[in-house]
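*Asks:* This one is coords_7.cif, mmCIF, C-alpha atoms, pLDDT in the B column; chains and numbers go by the auth columns.
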```
data_upload
#
loop_
_atom_site.group_PDB
_atom_site.id
_atom_site.type_symbol
_atom_site.label_atom_id
_atom_site.label_comp_id
_atom_site.label_asym_id
_atom_site.label_seq_id
_atom_site.Cartn_x
_atom_site.Cartn_y
_atom_site.Cartn_z
_atom_site.B_iso_or_equiv
_atom_site.auth_seq_id
_atom_site.auth_asym_id
ATOM 1 C CA VAL A 1 -15.033 -26.454 -152.485 76.00 254 Z
ATOM 2 C CA SER A 2 -16.671 -29.729 -153.406 86.00 255 Z
ATOM 3 C CA VAL A 3 -17.765 -31.880 -150.491 91.00 256 Z
ATOM 4 C CA ARG A 4 -17.460 -35.631 -150.814 92.00 257 Z
ATOM 5 C CA VAL A 5 -20.238 -37.867 -149.501 94.00 258 Z
ATOM 6 C CA ALA A 6 -19.741 -40.892 -147.277 94.00 259 Z
ATOM 7 C CA ALA A 7 -22.571 -43.360 -146.724 93.00 260 Z
ATOM 8 C CA PRO A 8 -22.968 -46.291 -144.343 93.00 261 Z
ATOM 9 C CA SER A 9 -23.261 -48.615 -147.344 93.00 262 Z
ATOM 10 C CA MET A 10 -19.718 -47.793 -148.538 93.00 263 Z
ATOM 11 C CA THR A 11 -17.013 -50.409 -148.101 92.00 264 Z
ATOM 12 C CA ARG A 12 -14.092 -49.789 -145.747 88.00 265 Z
ATOM 13 C CA GLU A 13 -11.826 -49.631 -148.793 91.00 266 Z
ATOM 14 C CA ARG A 14 -13.896 -46.912 -150.403 92.00 267 Z
ATOM 15 C CA LEU A 15 -14.062 -44.944 -147.155 88.00 268 Z
ATOM 16 C CA ALA A 16 -10.261 -45.226 -146.902 86.00 269 Z
ATOM 17 C CA LEU A 17 -9.951 -43.854 -150.451 88.00 270 Z
ATOM 18 C CA LEU A 18 -12.234 -40.990 -149.486 86.00 271 Z
ATOM 19 C CA ALA A 19 -10.102 -40.166 -146.446 82.00 272 Z
ATOM 20 C CA ALA A 20 -6.946 -40.349 -148.579 83.00 273 Z
ATOM 21 C CA LEU A 21 -8.277 -37.447 -150.673 84.00 274 Z
ATOM 22 C CA LYS A 22 -7.622 -35.233 -147.625 82.00 275 Z
ATOM 23 C CA ARG A 23 -10.583 -32.980 -148.307 86.00 276 Z
ATOM 24 C CA PRO A 24 -11.425 -30.458 -145.585 89.00 277 Z
ATOM 25 C CA TYR A 25 -15.044 -31.666 -145.355 92.00 278 Z
ATOM 26 C CA VAL A 26 -17.055 -34.816 -145.853 93.00 279 Z
ATOM 27 C CA TYR A 27 -20.831 -35.079 -145.748 94.00 280 Z
ATOM 28 C CA ALA A 28 -21.894 -38.142 -143.793 95.00 281 Z
ATOM 29 C CA ALA A 29 -25.215 -39.257 -145.279 94.00 282 Z
ATOM 30 C CA LEU A 30 -26.574 -41.108 -142.279 93.00 283 Z
ATOM 31 C CA ARG A 31 -28.702 -43.666 -144.092 88.00 284 Z
ATOM 32 C CA SER A 32 -29.718 -44.968 -147.485 80.00 285 Z
ATOM 33 C CA GLY A 33 -33.023 -43.992 -149.037 77.00 286 Z
ATOM 34 C CA ILE A 34 -34.804 -40.917 -150.227 74.00 287 Z
ATOM 35 C CA THR A 35 -34.556 -37.452 -148.811 72.00 288 Z
ATOM 36 C CA GLY A 36 -37.318 -36.226 -146.553 67.00 289 Z
ATOM 37 C CA ALA A 37 -37.707 -39.374 -144.485 72.00 290 Z
ATOM 38 C CA SER A 38 -36.642 -39.349 -140.856 78.00 291 Z
ATOM 39 C CA THR A 39 -33.368 -40.923 -139.726 87.00 292 Z
ATOM 40 C CA THR A 40 -32.820 -42.867 -136.532 88.00 293 Z
ATOM 41 C CA ILE A 41 -29.700 -41.742 -134.698 92.00 294 Z
ATOM 42 C CA ASP A 42 -28.597 -44.933 -132.987 93.00 295 Z
ATOM 43 C CA GLU A 43 -25.308 -46.544 -132.009 94.00 296 Z
ATOM 44 C CA ALA A 44 -24.783 -47.842 -135.569 93.00 297 Z
ATOM 45 C CA THR A 45 -25.172 -44.302 -136.911 93.00 298 Z
ATOM 46 C CA LEU A 46 -22.695 -42.915 -134.396 93.00 299 Z
ATOM 47 C CA ALA A 47 -20.255 -45.787 -135.086 92.00 300 Z
ATOM 48 C CA PHE A 48 -20.385 -44.958 -138.808 92.00 301 Z
ATOM 49 C CA ILE A 49 -19.531 -41.315 -138.099 92.00 302 Z
ATOM 50 C CA ARG A 50 -16.691 -42.320 -135.799 89.00 303 Z
ATOM 51 C CA SER A 51 -15.355 -44.665 -138.477 87.00 304 Z
ATOM 52 C CA ILE A 52 -14.805 -41.770 -140.880 86.00 305 Z
ATOM 53 C CA ALA A 53 -13.622 -39.242 -138.290 82.00 306 Z
ATOM 54 C CA PRO A 54 -9.922 -38.359 -138.310 74.00 307 Z
ATOM 55 C CA GLU A 55 -7.914 -39.838 -135.494 65.00 308 Z
ATOM 56 C CA LYS A 56 -7.205 -37.539 -132.577 52.00 309 Z
ATOM 57 C CA GLY A 57 -3.988 -35.688 -133.263 47.00 310 Z
ATOM 58 C CA ALA A 58 -3.777 -36.970 -136.842 50.00 311 Z
ATOM 59 C CA SER A 59 -2.705 -34.530 -139.496 45.00 312 Z
ATOM 60 C CA GLY A 60 -4.332 -34.420 -142.907 53.00 313 Z
ATOM 61 C CA GLY A 61 -7.337 -36.461 -143.880 54.00 314 Z
ATOM 62 C CA ILE A 62 -10.870 -35.372 -143.258 57.00 315 Z
ATOM 63 C CA THR A 63 -11.005 -32.530 -140.797 74.00 316 Z
ATOM 64 C CA LYS A 64 -14.704 -31.739 -140.556 91.00 317 Z
ATOM 65 C CA ILE A 65 -17.673 -34.061 -140.803 94.00 318 Z
ATOM 66 C CA LEU A 66 -21.044 -32.613 -141.781 95.00 319 Z
ATOM 67 C CA GLY A 67 -23.740 -35.077 -140.728 95.00 320 Z
ATOM 68 C CA GLY A 68 -27.268 -35.256 -141.948 94.00 321 Z
ATOM 69 C CA PHE A 69 -29.963 -36.787 -144.112 93.00 322 Z
ATOM 70 C CA GLY A 70 -33.326 -37.061 -142.439 90.00 323 Z
ATOM 71 C CA ILE A 71 -32.682 -34.723 -139.529 92.00 324 Z
ATOM 72 C CA ARG A 72 -36.093 -33.480 -138.399 91.00 325 Z
ATOM 73 C CA THR A 73 -35.984 -33.116 -134.610 92.00 326 Z
ATOM 74 C CA ALA A 74 -33.970 -31.455 -131.876 93.00 327 Z
ATOM 75 C CA GLU A 75 -33.388 -34.875 -130.317 93.00 328 Z
ATOM 76 C CA GLN A 76 -31.720 -36.119 -133.521 93.00 329 Z
ATOM 77 C CA ALA A 77 -29.565 -32.994 -133.704 94.00 330 Z
ATOM 78 C CA ARG A 78 -28.648 -33.280 -130.006 94.00 331 Z
ATOM 79 C CA LEU A 79 -27.495 -36.888 -130.434 94.00 332 Z
ATOM 80 C CA LEU A 80 -25.546 -36.109 -133.589 94.00 333 Z
ATOM 81 C CA ALA A 81 -23.940 -32.780 -132.644 94.00 334 Z
ATOM 82 C CA PRO A 82 -21.102 -34.088 -130.443 94.00 335 Z
ATOM 83 C CA GLU A 83 -19.887 -36.297 -133.293 94.00 336 Z
ATOM 84 C CA VAL A 84 -19.886 -33.803 -136.182 95.00 337 Z
ATOM 85 C CA HIS A 85 -18.701 -30.333 -137.078 94.00 338 Z
ATOM 86 C CA ALA A 86 -22.198 -29.407 -138.293 95.00 339 Z
ATOM 87 C CA VAL A 87 -25.616 -31.001 -138.365 95.00 340 Z
ATOM 88 C CA VAL A 88 -27.234 -30.679 -141.794 94.00 341 Z
ATOM 89 C CA ALA A 89 -31.012 -30.405 -142.074 93.00 342 Z
ATOM 90 C CA GLY A 90 -32.637 -29.734 -145.430 91.00 343 Z
ATOM 91 C CA SER A 91 -36.021 -31.287 -146.054 91.00 344 Z
ATOM 92 C CA VAL A 92 -37.357 -30.105 -142.717 93.00 345 Z
ATOM 93 C CA PHE A 93 -36.820 -26.520 -143.923 95.00 346 Z
ATOM 94 C CA VAL A 94 -38.292 -27.209 -147.358 95.00 347 Z
ATOM 95 C CA ASP A 95 -41.409 -28.507 -145.601 94.00 348 Z
ATOM 96 C CA CYS A 96 -41.466 -25.453 -143.326 95.00 349 Z
ATOM 97 C CA ILE A 97 -41.271 -23.112 -146.316 97.00 350 Z
ATOM 98 C CA ARG A 98 -43.965 -25.053 -148.162 96.00 351 Z
ATOM 99 C CA GLU A 99 -46.290 -24.949 -145.125 96.00 352 Z
ATOM 100 C CA ASN A 100 -45.899 -21.185 -144.745 97.00 353 Z
ATOM 101 C CA ALA A 101 -45.470 -19.990 -148.334 96.00 354 Z
ATOM 102 C CA THR A 102 -49.021 -18.664 -148.693 97.00 355 Z
ATOM 103 C CA LYS A 103 -48.615 -16.545 -145.542 97.00 356 Z
ATOM 104 C CA GLY A 104 -45.957 -14.271 -147.041 96.00 357 Z
ATOM 105 C CA THR A 105 -42.229 -13.746 -146.788 97.00 358 Z
ATOM 106 C CA ASP A 106 -42.197 -12.554 -143.186 97.00 359 Z
ATOM 107 C CA ALA A 107 -44.167 -15.614 -142.066 97.00 360 Z
ATOM 108 C CA VAL A 108 -41.762 -17.908 -143.909 97.00 361 Z
ATOM 109 C CA ARG A 109 -38.747 -16.203 -142.321 97.00 362 Z
ATOM 110 C CA ALA A 110 -40.287 -16.440 -138.866 97.00 363 Z
ATOM 111 C CA ALA A 111 -41.238 -20.104 -139.316 97.00 364 Z
ATOM 112 C CA VAL A 112 -37.766 -21.050 -140.603 97.00 365 Z
ATOM 113 C CA ALA A 113 -36.086 -19.156 -137.760 97.00 366 Z
ATOM 114 C CA ALA A 114 -38.337 -20.888 -135.218 96.00 367 Z
ATOM 115 C CA ARG A 115 -37.604 -24.308 -136.714 94.00 368 Z
ATOM 116 C CA ALA A 116 -33.853 -23.569 -136.646 94.00 369 Z
ATOM 117 C CA ARG A 117 -34.109 -22.599 -132.960 94.00 370 Z
ATOM 118 C CA ASP A 118 -36.054 -25.799 -132.264 93.00 371 Z
ATOM 119 C CA LEU A 119 -33.471 -27.961 -134.012 92.00 372 Z
ATOM 120 C CA SER A 120 -30.560 -26.268 -132.271 90.00 373 Z
ATOM 121 C CA GLY A 121 -32.193 -26.578 -128.868 82.00 374 Z
ATOM 122 C CA HIS A 122 -32.243 -22.815 -128.299 75.00 375 Z
#
```
In structure tokens, write the structure found in this file.
*Replies:*
Amino acid sequence: VSVRVAAPSMTRERLALLAALKRPYVYAALRSGITGASTTIDEATLAFIRSIAPEKGASGGITKILGGFGIRTAEQARLLAPEVHAVVAGSVFVDCIRENATKGTDAVRAAVAARARDLSGH
């Protein structure tokens, strides 16, 4: 399944076209810029997510929003989680792997698992 991407820089018309595709998922890229940088989860970010969310009780359209791009902390994930189906974190794990790669596979697995627990708040 291909996942369409919505960005805060998209026009309302383009976001409406995206919703009209009635795909089961959309990835909400939470900011413009390059990957790896941190993202501020503020009211504008949450308003963007809400603007692409399906209406309560609506049928069709986007059903699940995957939100991410610059998620590096548990606080970011905690603020984002109530608004999305899944929080997406990528670069934070690439960095974790890079930092632990010389320590061996078990160390990488342990470091990634610890980072995932940190991000999920568990």
*Asks:* Can you tell me how far atom CA of Val347 of chain Z sits from atom CA of Pro261 of chain Z, in Å to one decimal?
*Replies:*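 Computing the Euclidean distance for atom CA of Val347 of chain Z and atom CA of Pro261 of chain Z yields 24.7 Å.
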*Asks:* Would you mind telling me which residue in Z:Arg351, Z:Arg257, Z:Arg370, Z:Arg362 lies nearest to Ala282 of chain Z when using only C-alpha atoms?
*Replies:* Z:Arg257
*Asks:* Of the residues Z:Ser373, Z:Val337, Z:Phe346, Z:Arg265, which is the one nearest to Val361 of chain Z, using only C-alpha atoms?
*Replies:* Z:Phe346
*Asks:* Between Z:Ser285, Z:Ser262, Z:Thr292, Z:Thr355, single out the one closest to Gly323 of chain Z, counting all atoms listed in the file.
*Replies:*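 Once distances to Gly323 of chain Z are computed over all atoms listed in the file, the minimum belongs to Z:Thr292.
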*Asks:* What lies within 9 Å of Thr316 of chain Z using only C-alpha atoms, ignoring chain neighbours under 5 positions off, as a list in words?
*Replies:* Lys275, Arg276, Pro277, Tyr278, Val279, Ala306, Pro307 and His338 of chain Z
